[in-house]
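To be precise, the following lines are upload_25.txt, and they hold compact mmCIF, C-alpha atoms.
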# COMPACT_ATOMS: atom_id res chain seq x y z
CA MET A 1 0.00 0.00 0.00
CA THR A 2 1.21 3.47 -0.81
CA ASP A 3 1.93 6.19 1.74
CA LYS A 4 0.47 8.78 -0.64
CA LYS A 5 -2.99 9.95 0.40
CA MET A 6 -5.48 9.33 -2.38
CA ASN A 7 -8.40 11.61 -3.29
CA VAL A 8 -10.98 8.81 -2.88
CA GLU A 9 -11.60 7.97 0.78
CA SER A 10 -12.05 4.25 0.24
CA PHE A 11 -8.70 4.06 -1.58
CA ASN A 12 -7.11 5.09 1.73
CA LEU A 13 -8.95 2.36 3.65
CA ASP A 14 -6.92 -0.78 4.34
CA HIS A 15 -9.36 -3.36 3.03
CA THR A 16 -7.40 -6.15 4.76
CA LYS A 17 -8.30 -4.71 8.18
CA VAL A 18 -12.10 -4.44 7.85
CA LYS A 19 -14.57 -7.16 8.79
CA ALA A 20 -17.78 -7.28 6.78
CA PRO A 21 -20.65 -6.94 7.27
CA TYR A 22 -20.62 -3.36 8.49
CA ILE A 23 -21.87 0.15 7.88
CA ARG A 24 -19.35 2.92 8.45
CA LEU A 25 -19.32 6.66 7.95
CA ALA A 26 -16.87 7.10 5.06
CA ASP A 27 -16.99 10.85 4.40
CA ILE A 28 -18.72 14.13 5.15
CA LYS A 29 -18.92 16.97 2.64
CA THR A 30 -20.25 20.42 3.52
CA GLY A 31 -21.73 22.61 0.82
CA GLU A 32 -21.24 26.33 0.55
CA HIS A 33 -24.68 26.92 2.10
CA GLY A 34 -24.10 24.57 5.04
CA ASP A 35 -25.79 21.42 3.76
CA THR A 36 -23.90 18.26 4.64
CA ILE A 37 -23.66 15.01 2.74
CA HIS A 38 -22.80 11.97 4.86
CA LYS A 39 -21.51 9.05 2.79
CA TYR A 40 -21.76 5.59 4.33
CA ASP A 41 -19.93 2.43 3.28
CA MET A 42 -22.43 -0.45 3.56
CA ARG A 43 -20.12 -3.44 3.21
CA ILE A 44 -21.98 -6.68 2.64
CA CYS A 45 -19.15 -9.00 1.55
CA GLN A 46 -15.63 -9.36 2.89
CA PRO A 47 -13.31 -7.51 0.50
CA ASN A 48 -11.19 -9.73 -1.73
CA GLN A 49 -12.85 -12.87 -0.37
CA ASP A 50 -16.45 -12.68 -1.59
CA HIS A 51 -18.70 -10.57 -3.79
CA MET A 52 -22.36 -10.26 -4.78
CA ASP A 53 -23.47 -11.66 -8.13
CA MET A 54 -24.56 -8.95 -10.55
CA PRO A 55 -28.25 -9.82 -11.02
CA GLY A 56 -28.83 -9.92 -7.24
CA LEU A 57 -26.76 -6.79 -6.63
CA HIS A 58 -28.52 -4.96 -9.47
CA SER A 59 -31.97 -5.83 -8.13
CA LEU A 60 -30.96 -4.94 -4.57
CA GLU A 61 -29.80 -1.56 -5.87
CA HIS A 62 -33.19 -0.91 -7.51
CA LEU A 63 -35.09 -2.11 -4.44
CA MET A 64 -33.04 -0.12 -1.92
CA ALA A 65 -33.08 3.01 -4.08
CA GLU A 66 -36.87 2.92 -4.26
CA LEU A 67 -37.79 1.53 -0.84
CA SER A 68 -35.31 3.53 1.27
CA ARG A 69 -37.12 6.72 0.34
CA ASN A 70 -40.23 5.39 2.08
CA HIS A 71 -38.19 5.60 5.31
CA SER A 72 -36.43 8.96 4.83
CA ASP A 73 -36.47 11.97 2.55
CA LYS A 74 -32.77 12.49 3.39
CA VAL A 75 -31.55 9.73 1.04
CA VAL A 76 -29.57 11.30 -1.81
CA ASP A 77 -28.29 8.12 -3.42
CA ILE A 78 -27.63 4.43 -2.93
CA SER A 79 -24.99 3.13 -5.33
CA PRO A 80 -23.26 -0.20 -5.73
CA MET A 81 -19.49 -0.49 -5.39
CA GLY A 82 -17.73 -1.61 -8.54
CA CYS A 83 -15.99 -4.36 -6.54
CA GLN A 84 -19.45 -5.84 -5.88
CA THR A 85 -18.85 -6.02 -2.11
CA GLY A 86 -21.30 -3.35 -0.97
CA PHE A 87 -23.05 -0.05 -1.53
CA TYR A 88 -22.52 3.61 -0.77
CA ILE A 89 -25.38 5.46 0.87
CA ALA A 90 -25.40 9.25 0.67
CA MET A 91 -27.63 11.22 3.05
CA ILE A 92 -28.20 14.98 3.12
CA ASN A 93 -28.37 16.86 6.42
CA HIS A 94 -28.62 13.61 8.35
CA ASP A 95 -25.82 12.83 10.79
CA ASP A 96 -27.58 10.15 12.87
CA TYR A 97 -25.55 6.94 12.49
CA ASP A 98 -28.07 4.82 14.41
CA GLY A 99 -30.80 6.31 12.24
CA VAL A 100 -28.93 5.13 9.13
CA LEU A 101 -28.68 1.62 10.60
CA ASP A 102 -32.44 1.68 11.25
CA LEU A 103 -33.08 2.98 7.71
CA VAL A 104 -31.05 0.14 6.20
CA GLU A 105 -32.74 -2.43 8.43
CA GLY A 106 -36.23 -1.19 7.53
CA THR A 107 -35.38 -1.01 3.84
CA LEU A 108 -33.97 -4.54 3.77
CA LYS A 109 -37.03 -5.87 5.58
CA ASP A 110 -39.10 -4.24 2.83
CA VAL A 111 -36.87 -5.98 0.25
CA LEU A 112 -37.78 -9.32 1.82
CA GLU A 113 -41.48 -8.50 1.38
CA ALA A 114 -41.13 -7.33 -2.23
CA THR A 115 -42.86 -9.28 -4.99
CA ASP A 116 -41.08 -7.58 -7.88
CA VAL A 117 -38.10 -5.36 -8.68
CA PRO A 118 -39.02 -1.73 -9.38
CA ALA A 119 -38.07 -0.29 -12.79
CA CYS A 120 -36.93 -3.70 -14.02
CA ASN A 121 -37.75 -3.09 -17.68
CA GLU A 122 -36.05 -1.76 -20.78
CA MET A 123 -37.70 1.63 -20.55
CA GLN A 124 -36.50 2.36 -16.99
CA CYS A 125 -33.27 0.34 -16.71
CA GLY A 126 -30.06 0.19 -18.71
CA TRP A 127 -29.64 -3.59 -18.36
CA ALA A 128 -33.11 -4.91 -17.61
CA ALA A 129 -32.14 -8.52 -18.40
CA SER A 130 -29.76 -8.59 -15.42
CA HIS A 131 -32.05 -8.84 -12.38
CA SER A 132 -32.89 -11.36 -9.68
CA LEU A 133 -35.44 -10.64 -6.98
CA GLU A 134 -34.50 -13.91 -5.27
CA GLY A 135 -30.81 -12.96 -5.41
CA ALA A 136 -31.53 -9.54 -3.90
CA GLN A 137 -33.61 -11.11 -1.13
CA GLN A 138 -30.89 -13.64 -0.38
CA ILE A 139 -28.31 -10.84 -0.02
CA ALA A 140 -30.71 -8.81 2.16
CA ARG A 141 -31.50 -11.84 4.34
CA GLY A 142 -27.81 -12.54 4.93
CA PHE A 143 -27.00 -8.93 5.79
CA LEU A 144 -29.99 -8.64 8.14
CA ALA A 145 -29.01 -11.86 9.91
CA LYS A 146 -25.83 -10.10 11.05
CA ARG A 147 -27.52 -6.85 12.14
CA ASN A 148 -25.74 -6.94 15.50
CA GLU A 149 -22.35 -6.74 13.68
CA TRP A 150 -23.00 -3.67 11.51
CA ALA A 151 -21.24 -1.22 13.84
CA ASP A 152 -18.10 -3.42 14.16
CA ILE A 153 -15.90 -2.31 11.29
CA PHE A 154 -12.44 -3.66 12.02
CA ALA A 155 -11.41 -7.24 12.74

Let's see the structure in the file written out as structure tokens.
Amino acid sequence: MTDKKMNVESFNLDHTKVKAPYIRLADIKTGEHGDTIHKYDMRICQPNQDHMDMPGLHSLEHLMAELSRNHSDKVVDISPMGCQTGFYIAMINHDDYDGVLDLVEGTLKDVLEATDVPACNEMQCGWAASHSLEGAQQIARGFLAKRNEWADIFA
């Protein structure tokens, strides 16, 4: 690992030291008018040891993006990590870590109750053929089963 500080926060994180599953505050940005964006690292899989399959990850992204907003109007974005080990959650003017854990828990419980994947069609999605409701629910079930570990970030 390099001693040079990188511009991207997660590039400065020693991925060999973390212990998934967890949710950690990764960054805070303050806008010129005082709004704050809190970016959370929702790590589902252990880095460099496991990853989510794309259809399940893709469907979980759609489900969380849609369903999380039923729990909070502070959600800016939920985006998958390219390494397929987790998601980033961006919240505006919301600095309540426990509230974010509750938001994720409620959203994932909603995922387990879902009967279809929102916007899973060619008109609303850029790769509509790559979805799996069952895969998304399996990922959600596994992450929820370890709810008591979400605040423990390092091994």

What's around stretch 22-28 of chain A at 9 Å? Count all atoms listed in the file, leave out sequence neighbours fewer than 6 positions away in its own chain, and write the answer as JSON, numbers by chain. {"A": [9, 10, 36, 37, 38, 39, 40, 41, 42, 43, 44, 88, 97, 100, 101, 143, 146, 147, 149, 150, 151, 152, 153, 154]}

### Query
Neighbours of A:Val76 within 8 Å (only C-alpha atoms; same-chain residues fewer than 3 positions away dropped), as a ChimeraX atom specification?
/A:89-92

What would the file look like if the residues just selected were written as a PDB file, in the coordinates of the input with C-alpha atoms?
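Contents of the output file selection.pdb:
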ATOM      1  CA  ILE A  89     -25.380   5.460   0.870  1.00  0.00           C
ATOM      2  CA  ALA A  90     -25.400   9.250   0.670  1.00  0.00           C
ATOM      3  CA  MET A  91     -27.630  11.220   3.050  1.00  0.00           C
ATOM      4  CA  ILE A  92     -28.200  14.980   3.120  1.00  0.00           C
TER       5      ILE A  92
END

Protein and nucleic acid residues near (-37.3, -2.6, -6.7) (cut-off 6 Å, all atoms listed in the file) as a list in words
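Returned residue set, sorted by chain then number, is His62, Leu63, Val117 and Pro118 of chain A.
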
Write out the residues from the selection above, keeping C-alpha atoms, as a PDB file, keeping the file's coordinate frame.
ATOM      1  CA  HIS A  62     -33.190  -0.910  -7.510  1.00  0.00           C
ATOM      2  CA  LEU A  63     -35.090  -2.110  -4.440  1.00  0.00           C
ATOM      3  CA  VAL A 117     -38.100  -5.360  -8.680  1.00  0.00           C
ATOM      4  CA  PRO A 118     -39.020  -1.730  -9.380  1.00  0.00           C
TER       5      PRO A 118
END

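Atom CA of A:Asp116 is found 25.4 Å from atom CA of A:Pro21.
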
Margin query: Here is a test: counting all atoms listed in the file, which residue of A:Gly56, A:Pro80, A:Pro47, A:Gly34 is nearest to A:Thr16?
Written below: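 Among the listed residues, the smallest separation from A:Thr16 belongs to A:Pro47.
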